[in-house]
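Structure, as structure tokens:
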Amino acid sequence: MKLRLTAPSKTFLVGEYAILHGGHALLANTEPRFEVIISTPGEGRCENIHPNSPAGQWARTHREAFEKIDFQFIDPHQGRGGFGASSAQFLLAWAWSLLDQVPFSRLTEGLDLSQILKDYHSLFEEKSTRPSGGDVVAQSIGGICQVATAPLTMTEKSWPFKDLDFLIIPTGKKINTHKHLEGLSDAGIEELKDVS
């Protein structure tokens, strides 16, 4: 049997740094969507997921949910980076581990976003600076949303401009989030929080 789960691409429009310090961020979740194909029975393979990534760590610590399936991640951006591939991997791995434990009928109640955020943050307890997790929450909601993670609040937004649209153009330059966060300064953060 094969099961397909998807999550949208994401782009921080405003507040990517402010959310790290208790501010808000505005994110757009767009096409194309990331996918995982779950094949069962399987051999416990997690394809296209680095073992040290958040999804790789999650799969290792929840081995029982992954040991009898094959979990294949499909990146519509073909590994060029950005757009939330890592957070989509974690979200989809987390969702699979939930499906492995919870009756499918309970999923109609929606995902527990605070639990997703708590579980995501648990992977970074040893780090001096951790990602906000705002992208994981936003990709769980979809559309355009405003998110804060300390404390967790989220508001779905609609695009307010009838005659305007936006175009996201990848630059081809990707900065590894974990390395980038280690070198960030707090200078100017309060002003960013006010703007966002």
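In the structure tokens, chains take letters A, B, ... by order of appearance, with residues numbered from 1 within each chain and ligands from 1 in the order shown.
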
* To do: Would you return as an NGL selection string the members of stretch 124-172 of chain A that DSSP assigns to alpha helix (DSSP H) on this structure's backbone?
  => :A and (134-141)

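Neighbours of A:Ile38 closer than or equal to 10 Å, with only C-alpha atoms counted and sequence neighbours fewer than 6 positions away skipped, come out as Met1, Lys2, Leu3, Arg4, Leu5, Arg45, Cys46, Phe66, Ile69, Asp70, Phe71, Gln72, Phe73 and Trp96 of chain A.
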
* To do: Output as a ChimeraX atom specification all residues of chain A that backbone DSSP marks as strand (DSSP E or B).
  => /A:2-14,25-39,46-47,70-74,144-149,152-157

Test item: residues at most 12 Å from A:Ser196, only C-alpha atoms, excluding those fewer than 2 positions along its chain, as a tab-separated table (two decimals) with C-alpha atoms, in the first residue's frame:
```tsv
chain	number	residue	atom	x	y	z
A	12	PHE	CA	8.74	34.28	5.29
A	13	LEU	CA	7.32	37.59	4.05
A	14	VAL	CA	8.04	39.58	7.23
A	15	GLY	CA	9.47	38.74	10.65
A	16	GLU	CA	11.82	35.80	10.04
A	17	TYR	CA	14.22	37.22	12.66
A	18	ALA	CA	11.63	38.89	14.90
A	19	ILE	CA	9.90	35.56	15.58
A	20	LEU	CA	13.15	34.23	17.06
A	21	HIS	CA	12.79	36.77	19.88
A	22	GLY	CA	9.06	36.65	20.64
A	23	GLY	CA	7.83	38.70	17.69
A	24	HIS	CA	5.46	37.76	14.90
A	25	ALA	CA	6.14	36.57	11.36
A	26	LEU	CA	3.95	36.63	8.29
A	27	LEU	CA	4.41	33.59	6.05
A	146	GLN	CA	0.73	35.26	11.03
A	147	VAL	CA	2.62	33.23	13.63
A	148	ALA	CA	4.33	33.86	16.96
A	189	ILE	CA	15.57	42.94	16.94
A	190	GLU	CA	13.18	45.15	18.95
A	191	GLU	CA	12.67	47.38	15.90
A	192	LEU	CA	12.03	44.33	13.76
A	193	LYS	CA	9.45	43.10	16.28
A	194	ASP	CA	7.62	46.43	16.03
```

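Using only C-alpha atoms, the smallest distance between any of A:Val102, A:Ile116, A:Ile144, A:Val36 and A:Pro160 comes from A:Ile144.
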
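Counting only C-alpha atoms and comparing A:Pro32, A:Gly81, A:Pro51, A:Pro103, the residue that lies closest to A:Pro170 is A:Gly81.
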
* **Residues within 12 Å of A:Asn52, only C-alpha atoms, excluding chain neighbours under 2 positions, as a list in words** => Cys46, Asn48, Ile49, His50, Pro54, Ala55, Gly56, Gln57, Trp58, Ala59, Arg60, Thr61, Ser86, Phe90, Leu123, Phe124 and His178 of chain A

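Restricting the calculation to only C-alpha atoms, the smallest distance between A:Thr177 and any of A:Asp135, A:Glu156, A:Glu31, A:Asp163 is found for A:Asp135.
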
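Between atom CA of A:Ala138 and atom CA of A:Gly82 the separation is 14.7 Å.
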
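For stretch 117-121 of chain A, the set of protein, DNA and RNA residues having any atom at most 10 Å away, when counting only C-alpha atoms and skipping those fewer than 3 positions along the same chain, is A:Pro54, A:Ala55, A:Trp58, A:Ser87, A:Phe90, A:Leu91, A:Trp94, A:Asp112, A:Leu113, A:Ser114, A:Phe124, A:Glu125, A:Arg130, A:Pro131, A:Ser132, A:Gly133, A:Gly134, A:Asp135, A:Val136, A:Val137, A:Thr149, A:Leu152.
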
What does the file look like for those residues with N, CA and C atoms, as a JSON list (two decimals), in the first residue's frame?
```json
[["chain", "number", "residue", "atom", "x", "y", "z"],
["A", 54, "PRO", "N", 16.18, 17.48, 11.34],
["A", 54, "PRO", "CA", 15.09, 17.27, 12.32],
["A", 54, "PRO", "C", 14.24, 16.04, 11.99],
["A", 55, "ALA", "N", 13.91, 15.83, 10.72],
["A", 55, "ALA", "CA", 13.10, 14.65, 10.34],
["A", 55, "ALA", "C", 13.88, 13.36, 10.58],
["A", 58, "TRP", "N", 13.88, 12.71, 14.24],
["A", 58, "TRP", "CA", 12.54, 12.29, 14.67],
["A", 58, "TRP", "C", 12.31, 10.82, 14.30],
["A", 87, "SER", "N", 11.69, 21.85, 7.21],
["A", 87, "SER", "CA", 10.51, 21.89, 8.10],
["A", 87, "SER", "C", 9.39, 21.02, 7.54],
["A", 90, "PHE", "N", 10.20, 17.47, 8.53],
["A", 90, "PHE", "CA", 9.85, 17.20, 9.93],
["A", 90, "PHE", "C", 8.34, 17.08, 10.10],
["A", 91, "LEU", "N", 7.60, 18.03, 9.54],
["A", 91, "LEU", "CA", 6.13, 18.01, 9.68],
["A", 91, "LEU", "C", 5.55, 16.71, 9.16],
["A", 94, "TRP", "N", 6.56, 13.83, 11.45],
["A", 94, "TRP", "CA", 5.77, 13.95, 12.68],
["A", 94, "TRP", "C", 4.34, 13.46, 12.43],
["A", 112, "ASP", "N", -2.53, 19.15, 16.52],
["A", 112, "ASP", "CA", -2.22, 19.90, 17.74],
["A", 112, "ASP", "C", -0.95, 20.71, 17.47],
["A", 113, "LEU", "N", -1.12, 21.96, 17.07],
["A", 113, "LEU", "CA", 0.01, 22.79, 16.67],
["A", 113, "LEU", "C", 0.99, 23.04, 17.81],
["A", 114, "SER", "N", 0.48, 23.15, 19.02],
["A", 114, "SER", "CA", 1.40, 23.36, 20.15],
["A", 114, "SER", "C", 2.26, 22.12, 20.38],
["A", 124, "PHE", "N", 16.18, 20.54, 19.53],
["A", 124, "PHE", "CA", 17.22, 21.57, 19.58],
["A", 124, "PHE", "C", 17.58, 21.97, 21.01],
["A", 125, "GLU", "N", 17.24, 21.14, 22.00],
["A", 125, "GLU", "CA", 17.47, 21.48, 23.40],
["A", 125, "GLU", "C", 18.95, 21.68, 23.72],
["A", 130, "ARG", "N", 18.00, 28.07, 18.75],
["A", 130, "ARG", "CA", 17.18, 27.11, 18.03],
["A", 130, "ARG", "C", 16.31, 27.84, 17.01],
["A", 131, "PRO", "N", 15.89, 27.14, 15.96],
["A", 131, "PRO", "CA", 14.96, 27.74, 15.01],
["A", 131, "PRO", "C", 13.64, 28.07, 15.71],
["A", 132, "SER", "N", 12.92, 29.02, 15.15],
["A", 132, "SER", "CA", 11.66, 29.44, 15.78],
["A", 132, "SER", "C", 10.59, 28.35, 15.72],
["A", 133, "GLY", "N", 10.59, 27.57, 14.66],
["A", 133, "GLY", "CA", 9.51, 26.61, 14.45],
["A", 133, "GLY", "C", 8.29, 27.24, 13.80],
["A", 134, "GLY", "N", 8.36, 28.54, 13.55],
["A", 134, "GLY", "CA", 7.24, 29.23, 12.90],
["A", 134, "GLY", "C", 6.91, 28.66, 11.54],
["A", 135, "ASP", "N", 7.94, 28.21, 10.82],
["A", 135, "ASP", "CA", 7.69, 27.64, 9.50],
["A", 135, "ASP", "C", 6.95, 26.31, 9.61],
["A", 136, "VAL", "N", 7.28, 25.49, 10.61],
["A", 136, "VAL", "CA", 6.59, 24.21, 10.80],
["A", 136, "VAL", "C", 5.11, 24.46, 11.11],
["A", 137, "VAL", "N", 4.85, 25.44, 11.98],
["A", 137, "VAL", "CA", 3.46, 25.77, 12.32],
["A", 137, "VAL", "C", 2.73, 26.31, 11.08],
["A", 149, "THR", "N", 5.69, 32.29, 18.22],
["A", 149, "THR", "CA", 5.92, 31.00, 18.87],
["A", 149, "THR", "C", 6.16, 31.10, 20.37],
["A", 152, "LEU", "N", 2.74, 30.60, 21.59],
["A", 152, "LEU", "CA", 2.23, 30.22, 20.28],
["A", 152, "LEU", "C", 0.90, 30.89, 19.99]]
```

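Residue nearest A:Gln139 within the list A:Gly188, A:Gly172, A:Gly110, A:Pro8: A:Pro8 [criterion: smallest interatomic distance, only C-alpha atoms].
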
* Structure fact -> Using only C-alpha atoms, the shortest atom-to-atom distance to A:Ile37 among A:Gln89, A:Gln78, A:Ser9, A:Lys127 belongs to A:Gln89

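Here atom CA of A:Gly42 and atom CA of A:Lys68 stand 5.0 Å from one another.
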